[in-house]
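Student: Input structure: run34.cif, which contains mmCIF, C-alpha atoms.
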data_entry
#
loop_
_atom_site.label_atom_id
_atom_site.label_comp_id
_atom_site.auth_asym_id
_atom_site.auth_seq_id
_atom_site.Cartn_x
_atom_site.Cartn_y
_atom_site.Cartn_z
CA MET A 1 67.02 -15.72 -77.77
CA SER A 2 64.38 -15.94 -75.14
CA GLN A 3 62.22 -13.15 -73.88
CA SER A 4 63.51 -13.53 -70.36
CA THR A 5 66.97 -12.19 -71.22
CA VAL A 6 65.72 -8.66 -71.63
CA VAL A 7 66.73 -6.05 -69.14
CA THR A 8 66.12 -2.41 -69.91
CA THR A 9 69.12 -0.66 -68.43
CA ALA A 10 68.36 3.01 -68.93
CA PRO A 11 65.05 4.86 -69.12
CA GLU A 12 63.92 5.39 -72.68
CA PRO A 13 64.22 8.96 -73.93
CA LYS A 14 60.92 10.77 -73.93
CA LEU A 15 61.28 12.20 -77.41
CA TRP A 16 62.19 10.01 -80.31
CA ALA A 17 65.91 10.18 -80.96
CA GLY A 18 66.23 7.57 -83.67
CA GLY A 19 67.46 4.03 -83.41
CA ARG A 20 64.09 2.55 -82.57
CA SER A 21 60.52 2.63 -83.72
CA PRO A 22 59.08 6.05 -82.79
CA PHE A 23 55.80 4.56 -81.63
CA ASN A 24 57.48 1.55 -80.08
CA VAL A 25 55.61 -0.76 -82.45
CA SER A 26 57.04 -2.98 -85.12
CA TYR A 27 56.42 -2.36 -88.80
CA GLY A 28 54.07 -5.32 -89.08
CA LYS A 29 51.95 -4.33 -86.11
CA MET A 30 51.64 -0.76 -87.31
CA MET A 31 50.63 -1.93 -90.75
CA ILE A 32 47.95 -4.28 -89.44
CA TRP A 33 46.52 -1.29 -87.56
CA PHE A 34 46.48 0.76 -90.76
CA PHE A 35 44.90 -2.12 -92.63
CA LEU A 36 42.20 -2.35 -89.96
CA LEU A 37 41.67 1.39 -90.23
CA SER A 38 41.02 1.07 -93.96
CA ASP A 39 38.78 -1.94 -93.34
CA ALA A 40 36.85 0.10 -90.77
CA LEU A 41 36.23 2.72 -93.44
CA THR A 42 34.92 0.01 -95.80
CA PHE A 43 32.54 -1.40 -93.21
CA GLY A 44 31.59 2.13 -92.21
CA ALA A 45 30.74 2.97 -95.81
CA LEU A 46 28.50 -0.09 -96.08
CA LEU A 47 26.72 0.65 -92.80
CA ILE A 48 26.27 4.32 -93.64
CA ALA A 49 24.83 3.40 -97.05
CA TYR A 50 22.41 1.14 -95.18
CA GLY A 51 21.50 4.04 -92.87
CA THR A 52 20.96 6.41 -95.78
CA THR A 53 18.64 3.97 -97.53
CA ARG A 54 16.77 3.40 -94.32
CA PHE A 55 16.37 7.14 -93.80
CA PHE A 56 14.86 7.65 -97.22
CA SER A 57 12.43 4.76 -96.86
CA THR A 58 8.89 5.43 -95.72
CA VAL A 59 8.68 2.08 -93.94
CA TRP A 60 11.33 -0.44 -92.93
CA PRO A 61 11.15 -4.11 -91.88
CA ASP A 62 11.01 -4.61 -88.12
CA PRO A 63 14.03 -6.54 -86.76
CA ASN A 64 11.86 -8.02 -84.00
CA GLN A 65 9.74 -9.62 -86.72
CA VAL A 66 12.52 -10.61 -89.13
CA PHE A 67 14.85 -12.10 -86.53
CA LYS A 68 12.45 -13.89 -84.24
CA SER A 69 13.40 -17.50 -84.88
CA PHE A 70 15.63 -19.95 -83.08
CA PRO A 71 16.77 -23.33 -84.42
CA PHE A 72 14.45 -26.22 -83.53
CA MET A 73 11.96 -23.86 -81.91
CA GLY A 74 9.56 -23.84 -84.85
CA GLU A 75 7.28 -20.84 -85.01
CA SER A 76 7.97 -19.59 -81.47
CA ASN A 77 8.37 -15.85 -81.23
CA LEU A 78 11.87 -15.40 -79.81
CA PRO A 79 13.14 -12.07 -81.13
CA LEU A 80 16.86 -11.33 -80.74
CA LEU A 81 17.63 -14.57 -78.91
CA PHE A 82 19.55 -16.26 -81.67
CA VAL A 83 21.61 -13.20 -82.54
CA SER A 84 22.40 -12.76 -78.85
CA LEU A 85 23.81 -16.26 -78.89
CA MET A 86 25.92 -15.37 -81.95
CA THR A 87 27.14 -12.20 -80.25
CA PHE A 88 28.00 -14.15 -77.12
CA ILE A 89 29.99 -16.69 -79.16
CA LEU A 90 31.96 -13.95 -80.90
CA ILE A 91 32.72 -12.02 -77.67
CA MET A 92 33.79 -15.29 -76.07
CA SER A 93 36.12 -16.07 -78.97
CA SER A 94 37.57 -12.59 -78.62
CA VAL A 95 38.34 -13.35 -74.98
CA THR A 96 40.06 -16.63 -75.85
CA MET A 97 42.06 -14.78 -78.53
CA VAL A 98 43.25 -12.12 -76.09
CA LEU A 99 44.22 -14.91 -73.67
CA ALA A 100 46.27 -16.50 -76.48
CA VAL A 101 47.97 -13.14 -77.09
CA HIS A 102 48.60 -12.85 -73.35
CA ALA A 103 50.17 -16.33 -73.24
CA GLY A 104 52.27 -15.29 -76.25
CA HIS A 105 53.67 -12.31 -74.34
CA TYR A 106 55.01 -14.78 -71.80
CA GLY A 107 56.25 -17.26 -74.40
CA ASP A 108 53.83 -19.85 -73.01
CA LYS A 109 53.54 -22.13 -76.03
CA LYS A 110 51.09 -24.62 -74.54
CA ASN A 111 48.56 -21.97 -73.54
CA VAL A 112 48.89 -20.11 -76.84
CA ALA A 113 47.93 -23.32 -78.64
CA LYS A 114 45.09 -24.05 -76.22
CA TRP A 115 43.47 -20.62 -76.46
CA LEU A 116 43.96 -20.46 -80.24
CA LEU A 117 42.14 -23.75 -80.55
CA TRP A 118 39.21 -22.39 -78.54
CA THR A 119 39.18 -19.27 -80.70
CA ILE A 120 39.00 -21.38 -83.84
CA ILE A 121 36.14 -23.40 -82.36
CA GLY A 122 34.31 -20.17 -81.47
CA GLY A 123 34.80 -18.81 -84.98
CA ILE A 124 33.46 -21.99 -86.55
CA CYS A 125 30.42 -21.93 -84.20
CA PHE A 126 29.71 -18.35 -85.21
CA LEU A 127 29.93 -19.24 -88.90
CA ALA A 128 27.62 -22.21 -88.36
CA CYS A 129 25.07 -19.91 -86.68
CA GLN A 130 25.32 -17.49 -89.56
CA ALA A 131 24.83 -20.31 -92.08
CA TRP A 132 21.66 -21.32 -90.24
CA GLU A 133 20.37 -17.75 -90.11
CA TRP A 134 21.03 -17.13 -93.79
CA THR A 135 19.33 -20.37 -94.80
CA HIS A 136 16.39 -19.60 -92.55
CA LEU A 137 15.91 -16.04 -93.85
CA HIS A 138 16.24 -17.20 -97.43
CA GLY A 139 13.45 -19.66 -96.69
CA GLU A 140 11.34 -16.90 -95.13
CA CYS A 141 11.63 -14.95 -98.37
CA ILE A 142 10.61 -17.65 -100.80
CA SER A 143 7.23 -19.11 -100.14
CA ALA A 144 4.89 -20.65 -102.61
CA TRP A 145 2.59 -17.90 -103.76
CA SER A 146 2.90 -19.32 -107.21
CA ALA A 147 1.95 -22.95 -107.69
CA ASP A 148 4.46 -23.21 -110.49
CA PRO A 149 7.96 -23.56 -109.04
CA ALA A 150 9.46 -22.16 -112.24
CA GLN A 151 7.76 -18.86 -111.47
CA ILE A 152 9.30 -18.49 -108.05
CA THR A 153 11.90 -15.98 -109.11
CA HIS A 154 11.14 -13.54 -106.34
CA GLY A 155 12.49 -13.46 -102.84
CA LEU A 156 15.81 -15.13 -103.70
CA TRP A 157 18.03 -13.95 -100.84
CA GLY A 158 15.43 -11.28 -100.21
CA SER A 159 15.48 -9.76 -103.69
CA TYR A 160 11.93 -8.69 -104.40
CA THR A 161 11.94 -7.51 -107.99
CA ASP A 162 8.55 -8.61 -109.31
CA VAL A 163 5.77 -6.05 -108.88
CA HIS A 164 3.14 -8.82 -108.92
CA ILE A 165 4.33 -10.31 -105.65
CA PRO A 166 1.37 -10.25 -103.22
CA VAL A 167 1.82 -8.12 -100.12
CA ASN A 168 1.35 -11.14 -97.84
CA GLU A 169 4.69 -12.45 -99.07
CA PHE A 170 6.53 -9.79 -97.11
CA ARG A 171 3.95 -8.52 -94.63
CA HIS A 172 5.41 -10.74 -91.90
CA PHE A 173 8.66 -8.73 -91.91
CA PHE A 174 6.89 -5.57 -90.74
CA SER A 175 5.64 -4.43 -87.39
CA PRO A 176 2.04 -5.51 -86.76
CA HIS A 177 1.81 -2.93 -83.97
CA SER A 178 2.18 0.21 -86.05
CA GLU A 179 -0.94 1.59 -87.65
CA ALA A 180 1.11 3.74 -90.01
CA VAL A 181 3.17 0.79 -91.26
CA GLN A 182 0.04 -1.29 -91.81
CA HIS A 183 -1.43 1.60 -93.80
CA VAL A 184 1.49 1.56 -96.18
CA LEU A 185 1.29 -2.22 -96.56
CA ASN A 186 -2.38 -1.97 -97.44
CA ASN A 187 -2.33 1.11 -99.62
CA ASP A 188 1.14 1.23 -101.13
CA PRO A 189 2.56 -2.31 -101.01
CA LEU A 190 5.24 -1.53 -103.59
CA THR A 191 6.88 0.96 -101.23
CA ALA A 192 6.99 -1.74 -98.57
CA MET A 193 8.29 -4.27 -101.09
CA GLN A 194 11.11 -1.95 -102.13
CA ALA A 195 12.03 -1.46 -98.47
CA THR A 196 12.07 -5.24 -97.92
CA HIS A 197 14.26 -5.66 -101.00
CA ASN A 198 16.70 -2.99 -99.79
CA PHE A 199 16.76 -4.34 -96.25
CA PHE A 200 17.71 -7.86 -97.31
CA ASN A 201 20.23 -6.70 -99.88
CA TYR A 202 22.07 -4.70 -97.25
CA PHE A 203 21.66 -7.45 -94.68
CA PHE A 204 23.16 -10.18 -96.85
CA THR A 205 25.89 -7.90 -98.24
CA ILE A 206 27.07 -6.62 -94.87
CA THR A 207 26.73 -9.83 -92.85
CA GLY A 208 28.27 -11.65 -95.81
CA PHE A 209 31.23 -9.29 -95.89
CA HIS A 210 31.60 -9.72 -92.14
CA GLY A 211 31.24 -13.50 -92.43
CA GLY A 212 33.99 -13.45 -95.06
CA HIS A 213 36.21 -11.70 -92.52
CA VAL A 214 35.38 -14.31 -89.89
CA THR A 215 36.18 -17.07 -92.38
CA SER A 216 39.58 -15.63 -93.24
CA GLY A 217 40.18 -14.99 -89.53
CA VAL A 218 39.55 -18.67 -88.79
CA ILE A 219 41.97 -19.64 -91.59
CA PHE A 220 44.65 -17.29 -90.19
CA ASN A 221 44.07 -18.70 -86.72
CA ILE A 222 44.53 -22.25 -88.01
CA LEU A 223 47.78 -21.21 -89.73
CA ILE A 224 49.23 -19.62 -86.59
CA LEU A 225 48.08 -22.56 -84.49
CA VAL A 226 50.03 -24.90 -86.78
CA ASN A 227 53.06 -22.59 -86.56
CA THR A 228 52.79 -22.40 -82.78
CA VAL A 229 52.57 -26.16 -82.38
CA ASN A 230 55.52 -26.58 -84.74
CA GLY A 231 57.55 -24.19 -82.60
CA VAL A 232 58.05 -21.56 -85.32
CA TYR A 233 57.42 -18.67 -82.91
CA GLU A 234 59.40 -20.30 -80.13
CA ARG A 235 62.46 -20.38 -82.42
CA ARG A 236 61.76 -16.82 -83.54
CA GLY A 237 61.85 -15.72 -79.92
CA HIS A 238 58.50 -13.95 -79.84
CA TYR A 239 54.82 -14.52 -80.53
CA GLU A 240 54.13 -11.24 -82.29
CA MET A 241 52.26 -12.99 -85.09
CA ILE A 242 49.61 -14.07 -82.57
CA GLU A 243 49.29 -10.41 -81.60
CA LYS A 244 48.82 -9.30 -85.22
CA ILE A 245 46.24 -11.95 -86.09
CA GLY A 246 44.65 -11.21 -82.71
CA LEU A 247 44.20 -7.58 -83.72
CA TYR A 248 42.42 -8.73 -86.87
CA TRP A 249 40.21 -11.10 -84.90
CA HIS A 250 39.20 -8.41 -82.38
CA PHE A 251 38.44 -6.08 -85.25
CA VAL A 252 36.03 -8.65 -86.67
CA ASP A 253 34.35 -8.80 -83.25
CA LEU A 254 34.26 -5.01 -83.18
CA VAL A 255 32.52 -4.85 -86.55
CA TRP A 256 29.94 -7.35 -85.31
CA VAL A 257 29.17 -5.03 -82.39
CA PHE A 258 28.16 -2.37 -84.91
CA VAL A 259 26.34 -4.77 -87.25
CA PHE A 260 24.41 -6.09 -84.24
CA THR A 261 23.30 -2.59 -83.30
CA CYS A 262 22.44 -1.41 -86.81
CA PHE A 263 20.54 -4.47 -88.00
CA TYR A 264 19.10 -6.13 -84.93
CA LEU A 265 18.57 -3.42 -82.33
CA LEU A 266 17.75 -0.17 -84.08
CA MET B 1 63.47 -9.90 -77.88
CA SER B 2 65.60 -7.08 -76.72
CA SER B 3 65.34 -3.37 -76.27
CA HIS B 4 67.37 -1.48 -78.80
CA ALA B 5 67.12 2.04 -77.56
CA GLN B 6 70.72 1.93 -76.45
CA SER B 7 72.11 -0.41 -79.07
CA ASN B 8 75.02 0.93 -81.07
CA ASN B 9 74.70 -1.54 -83.86
CA ILE B 10 71.20 -1.61 -85.14
CA GLN B 11 71.76 -1.74 -88.87
CA HIS B 12 71.30 -5.49 -89.08
CA LEU B 13 67.93 -5.16 -87.48
CA TYR B 14 66.54 -3.24 -90.41
CA GLU B 15 66.98 -6.37 -92.49
CA GLY B 16 64.83 -9.38 -91.94
CA ASP B 17 62.63 -9.50 -88.90
CA GLN B 18 61.59 -5.96 -88.19
CA SER B 19 59.60 -6.84 -85.12
CA LYS B 20 62.92 -6.89 -83.26
CA LEU B 21 63.05 -3.15 -83.78
CA TYR B 22 60.68 -2.45 -80.99
CA SER B 23 60.83 -3.09 -77.31
CA GLY B 24 57.13 -3.66 -77.10
CA VAL B 25 55.39 -2.54 -73.96
CA MET B 26 54.23 -6.04 -73.20
CA SER B 27 56.95 -8.17 -74.68
CA HIS B 28 59.48 -8.66 -71.95
CA HIS B 29 57.82 -10.85 -69.43
CA SER B 30 58.78 -14.34 -68.52
CA ASP B 31 56.79 -15.57 -65.56
CA VAL B 32 53.28 -16.46 -66.57
CA ALA B 33 52.33 -17.07 -62.93
CA SER B 34 53.51 -13.62 -61.81
CA PRO B 35 51.05 -11.27 -60.10
CA GLU B 36 51.36 -8.93 -63.09
CA SER B 37 50.30 -11.67 -65.47
CA LYS B 38 47.45 -12.70 -63.21
CA SER B 39 46.16 -9.15 -62.90
CA GLN B 40 46.16 -8.84 -66.70
CA VAL B 41 44.14 -12.03 -67.07
CA LYS B 42 41.78 -10.77 -64.39
CA LYS B 43 41.31 -7.55 -66.33
CA ILE B 44 40.51 -9.49 -69.52
CA TRP B 45 37.77 -11.44 -67.75
CA LYS B 46 36.44 -8.30 -66.13
CA VAL B 47 36.06 -6.71 -69.55
CA PHE B 48 34.37 -9.88 -70.78
CA TRP B 49 31.74 -9.57 -68.02
CA ILE B 50 31.26 -5.89 -68.76
CA LEU B 51 30.71 -6.65 -72.46
CA LEU B 52 28.30 -9.44 -71.59
CA VAL B 53 26.25 -7.27 -69.24
CA ILE B 54 26.08 -4.43 -71.78
CA THR B 55 24.95 -6.86 -74.50
CA LEU B 56 22.30 -8.36 -72.21
CA ALA B 57 21.06 -4.87 -71.34
CA GLU B 58 20.77 -4.10 -75.05
CA VAL B 59 18.91 -7.32 -75.78
CA VAL B 60 16.48 -6.84 -72.88
CA VAL B 61 15.68 -3.28 -73.95
CA GLY B 62 15.39 -4.45 -77.58
CA MET B 63 12.93 -7.17 -76.58
CA LEU B 64 10.76 -5.33 -74.11
CA PHE B 65 10.76 -1.71 -75.15
CA SER B 66 11.30 -1.73 -78.89
CA TYR B 67 7.66 -0.67 -79.53
CA SER B 68 7.23 1.67 -76.61
CA LEU B 69 10.38 3.82 -76.68
CA PRO B 70 10.60 6.64 -79.21
CA GLY B 71 13.10 6.12 -82.03
CA TRP B 72 15.55 8.79 -80.91
CA ALA B 73 15.71 7.36 -77.37
CA LYS B 74 16.47 3.89 -78.71
CA ALA B 75 19.12 5.32 -81.04
CA ILE B 76 20.89 7.20 -78.23
CA PHE B 77 20.69 4.22 -75.85
CA PHE B 78 21.92 1.59 -78.32
CA LEU B 79 24.55 3.74 -80.02
CA SER B 80 26.14 4.95 -76.78
CA LEU B 81 26.34 1.38 -75.45
CA THR B 82 27.80 0.27 -78.78
CA ILE B 83 30.51 2.93 -78.62
CA LEU B 84 31.22 1.91 -75.01
CA LYS B 85 31.64 -1.73 -76.04
CA ALA B 86 33.84 -0.71 -78.96
CA GLY B 87 35.99 1.33 -76.57
CA TYR B 88 36.53 -1.64 -74.27
CA ILE B 89 37.39 -3.97 -77.15
CA VAL B 90 39.85 -1.54 -78.73
CA SER B 91 41.56 -0.34 -75.59
CA VAL B 92 41.79 -3.61 -73.63
CA PHE B 93 41.46 -6.52 -76.07
CA MET B 94 43.42 -4.81 -78.82
CA HIS B 95 45.81 -3.24 -76.27
CA LEU B 96 45.56 0.15 -77.96
CA GLY B 97 45.34 1.69 -74.50
CA ASP B 98 48.87 0.41 -73.81
CA GLU B 99 50.43 2.00 -76.88
CA PHE B 100 52.11 5.38 -77.15
CA LYS B 101 49.78 8.38 -77.18
CA GLY B 102 51.02 9.38 -80.63
CA PHE B 103 50.12 5.98 -82.00
CA ILE B 104 46.68 6.03 -80.40
CA ALA B 105 46.03 9.39 -82.04
CA THR B 106 47.33 8.15 -85.40
CA VAL B 107 44.82 5.32 -85.36
CA LEU B 108 41.85 7.18 -83.93
CA ILE B 109 41.95 10.60 -85.61
CA PRO B 110 41.11 9.36 -89.16
CA LEU B 111 37.97 7.73 -87.72
CA PHE B 112 36.56 11.16 -86.93
CA LEU B 113 35.74 11.34 -90.65
CA PHE B 114 32.77 9.20 -89.66
CA VAL B 115 31.22 12.09 -87.77
CA TRP B 116 30.87 13.98 -91.01
CA PHE B 117 29.95 10.86 -93.03
CA ILE B 118 27.10 9.95 -90.72
CA ILE B 119 25.65 13.44 -90.42
CA ALA B 120 25.90 14.13 -94.16
CA PHE B 121 24.54 10.83 -95.43
CA LEU B 122 21.69 10.43 -92.97
CA ALA B 123 20.63 14.02 -93.61
CA ASP B 124 20.74 13.26 -97.32
CA GLY B 125 18.53 10.19 -96.79
CA GLY B 126 16.03 12.25 -94.83
CA PHE B 127 16.06 14.93 -97.50
CA TRP B 128 15.29 12.44 -100.28
CA LEU B 129 12.45 10.95 -98.29
CA ARG B 130 10.88 14.40 -98.03
CA MET B 131 11.50 15.22 -101.69
CA ASN B 132 10.50 11.91 -103.25
CA ASP B 133 7.75 10.39 -101.28
CA GLN B 134 4.60 12.08 -102.41
CA SER B 135 2.68 8.81 -102.54
CA PRO B 136 -0.95 8.77 -101.36
CA ALA B 137 -0.03 6.22 -98.69
CA ARG B 138 2.57 8.58 -97.27
CA GLN B 139 0.01 11.32 -97.04
CA THR B 140 -2.36 8.90 -95.32
CA ILE B 141 0.40 8.18 -92.79
CA GLN B 142 0.88 11.85 -92.12
CA HIS B 143 -2.87 12.12 -91.73
CA VAL B 144 -2.99 9.14 -89.35
CA ALA B 145 -0.03 10.49 -87.42
CA LYS B 146 -1.92 13.70 -86.78
#
Output the file's structure in the form of structure tokens.

Tutor:
Amino acid sequence: MSQSTVVTTAPEPKLWAGGRSPFNVSYGKMMIWFFLLSDALTFGALLIAYGTTRFFSTVWPDPNQVFKSFPFMGESNLPLLFVSLMTFILIMSSVTMVLAVHAGHYGDKKNVAKWLLWTIIGGICFLACQAWEWTHLHGECISAWSADPAQITHGLWGSYTDVHIPVNEFRHFFSPHSEAVQHVLNNDPLTAMQATHNFFNYFFTITGFHGGHVTSGVIFNILILVNTVNGVYERRGHYEMIEKIGLYWHFVDLVWVFVFTCFYLL
Amino acid sequence: MSSHAQSNNIQHLYEGDQSKLYSGVMSHHSDVASPESKSQVKKIWKVFWILLVITLAEVVVGMLFSYSLPGWAKAIFFLSLTILKAGYIVSVFMHLGDEFKGFIATVLIPLFLFVWFIIAFLADGGFWLRMNDQSPARQTIQHVAK
């Protein structure tokens, strides 16, 4: 059955009278929306926990200092540039996904496959950027204040748990422009250390959880690309699966919009 | 896929592929080169440019004014642009704007829990800062701030 055979003969009744889905959506599509709703609550809980911790901290690392690096640019001060690139990649992959969904509405198999492939490439690029950023930040956290490598137990993925860590190990994450922040670093370094610890724990947890979503999104996209190319959806008569995975993919983009604001801008 | 609003025999549709139960708003098109299709693609790209411009505006403000603007002004600026971006993604990219009003409400209303979450938890954070932080450095800050 092809999509072109459909002709709606009579206007649909305004109120639901049975015999069809009341919201005009299939079971699967409604359920993916409800799943995304629950996932939104999970991400929301993580971000609100981050906000609460930030609100009860005297000082907080400055995103313009933490995220100022760009691959192959050495020590250049380029705040926000790299994350802008990541955001651009993810928005772009959202566009290619919606174009795949659009092609699916018209049963255009070739374009569905093409745009899905671009979406997968975008997702992999984003993950590669995140891998670089994680590695880089991990490296920023461990530096050799102790000559003995066995003693470098601090700063692993930003976990500062040793009270003997010198303040210069985490000073570079804070704003050099604020007199008040510098006061805390000089007079109460443990408060600043605790804030650094909390900041990185939330950062790696939340971006990691988001990265996990991107990873599974890429896997789903690969699965539906294989199905599309094999003609599974063509035989089924509709490309609704592209729509459902597309909803998931846009949701991942949506979460990144909020992560971007909370961690990099505010 | 067909519309089943007028079908007399729908029982078989409840078994197996349930997606046939709906006559989706966007599912009965055939001509990908039609003006309707082209205007939809145009809209997608328009939203892409809007999202890009908003993001660039955020980045420029974040780079140039992050030390000069007061915290509350940054929060209002960035959060309102974030909500605007989220609105475009959900309504156009996720096609929620094309669904039935009842379905839109079903998805969006639970999210209003966040209004309470955010107010309650951030207020709690602020409260604990006031209660807990009696450190000498904090008092120095308050002194410096004055």

Student: As a check of understanding, name the residues that the PyMOL selection byres ((chain B and resi 95-97) around 10) selects in the supplied structure, as a list of chain:residue names.

Tutor: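 Expected selection for the PyMOL selection byres ((chain B and resi 95-97) around 10) here is A:Trp33, A:Val98, A:Glu243, A:Leu247, B:Val25, B:Met26, B:Gly87, B:Tyr88, B:Ile89, B:Val90, B:Ser91, B:Val92, B:Phe93, B:Met94, B:Asp98, B:Glu99, B:Phe100, B:Lys101, B:Phe103, B:Ile104, B:Val107, B:Leu108.
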
Student: Just say which residues the PyMOL selection byres ((chain A and resi 170) around 12) picks in this file, as a count of residues only.

Tutor: 40

Student: In terms of the shortest atom-to-atom distance over all atoms listed in the file, which of A:Phe34, A:Phe56, A:Phe43, A:Tyr106 is closest to B:Asp124?

Tutor: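 Residue with the minimum atom-to-atom distance to B:Asp124: A:Phe56.
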
Student: What's around A:Trp249 at 7 Å? Count only C-alpha atoms, leave out sequence neighbours fewer than 3 positions away in its own chain, and write the answer as a ChimeraX atom specification.

Tutor: /A:94,217,245-246,252-253

Student: Mind running chain A against chain B at 6 Å and telling me each contacting residue's nearest atom pair with the distance in Å (one decimal), counting only C-alpha atoms, chain and number ascending, as a Markdown table?

Tutor:
| residue | atom | partner | partner_atom | distance |
| --- | --- | --- | --- | --- |
| A:Gln3 | CA | B:Met1 | CA | 5.3 |
| A:Ser4 | CA | B:Ser30 | CA | 5.1 |
| A:Val6 | CA | B:Ser2 | CA | 5.3 |
| A:Arg20 | CA | B:Ala5 | CA | 5.9 |
| A:Ser21 | CA | B:Tyr22 | CA | 5.8 |
| A:Phe23 | CA | B:Phe100 | CA | 5.9 |
| A:Asn24 | CA | B:Tyr22 | CA | 5.2 |
| A:Val25 | CA | B:Tyr22 | CA | 5.5 |
| A:Ser26 | CA | B:Ser19 | CA | 4.6 |
| A:Thr52 | CA | B:Gly125 | CA | 4.6 |
| A:Phe55 | CA | B:Gly125 | CA | 4.8 |
| A:Phe56 | CA | B:Leu129 | CA | 4.2 |
| A:Val98 | CA | B:Phe93 | CA | 5.9 |
| A:His105 | CA | B:Ser27 | CA | 5.3 |
| A:Tyr106 | CA | B:Ser30 | CA | 5.0 |
| A:Ala180 | CA | B:Ile141 | CA | 5.3 |
| A:Val184 | CA | B:Ala137 | CA | 5.5 |
| A:Asn187 | CA | B:Ala137 | CA | 5.7 |
| A:Asp188 | CA | B:Ala137 | CA | 5.7 |
| A:Leu247 | CA | B:Met94 | CA | 5.7 |
| A:Leu265 | CA | B:Gly62 | CA | 5.8 |

Student: Rounded to one decimal, what separation in Å do you get between atom CA of A:Ser57 and atom CA of B:Leu69?

Tutor: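 Separating atom CA of A:Ser57 from atom CA of B:Leu69 is a distance of 20.3 Å.
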
Student: Quick one: pull the distance between atom CA of A:Arg54 and atom CA of A:Leu85, Å, one decimal.

Tutor: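 According to the coordinates, atom CA of A:Arg54 and atom CA of A:Leu85 are separated by 26.0 Å.
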
Student: If you count only C-alpha atoms, which residues fall within 12 Å of A:Ala128, apart from same-chain ones fewer than 2 positions away, as a PyMOL selection string?

Tutor: chain A and resi 71+85-86+89-90+121-126+130-135+211+214-215

Student: How many Å separate atom CA of A:Asn230 from atom CA of B:Ser34?

Tutor: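 So the answer is 26.4 Å.
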
Student: Given the choices A:Asn198, A:Asn227, A:Thr42, A:His250, which gets closest to A:Met92 if the distance is worked out from all atoms listed in the file?

Tutor: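 Of A:Asn198, A:Asn227, A:Thr42, A:His250, the one nearest A:Met92, counting all atoms listed in the file, is A:His250.
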
Student: Could you check the closest approach to A:Gly231 for each of A:Gly51, A:Gly28, A:Gly18, A:Gly107 and tell me which residue wins, using only C-alpha atoms?

Tutor: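 So, comparing all the options, the nearest one is A:Gly107.
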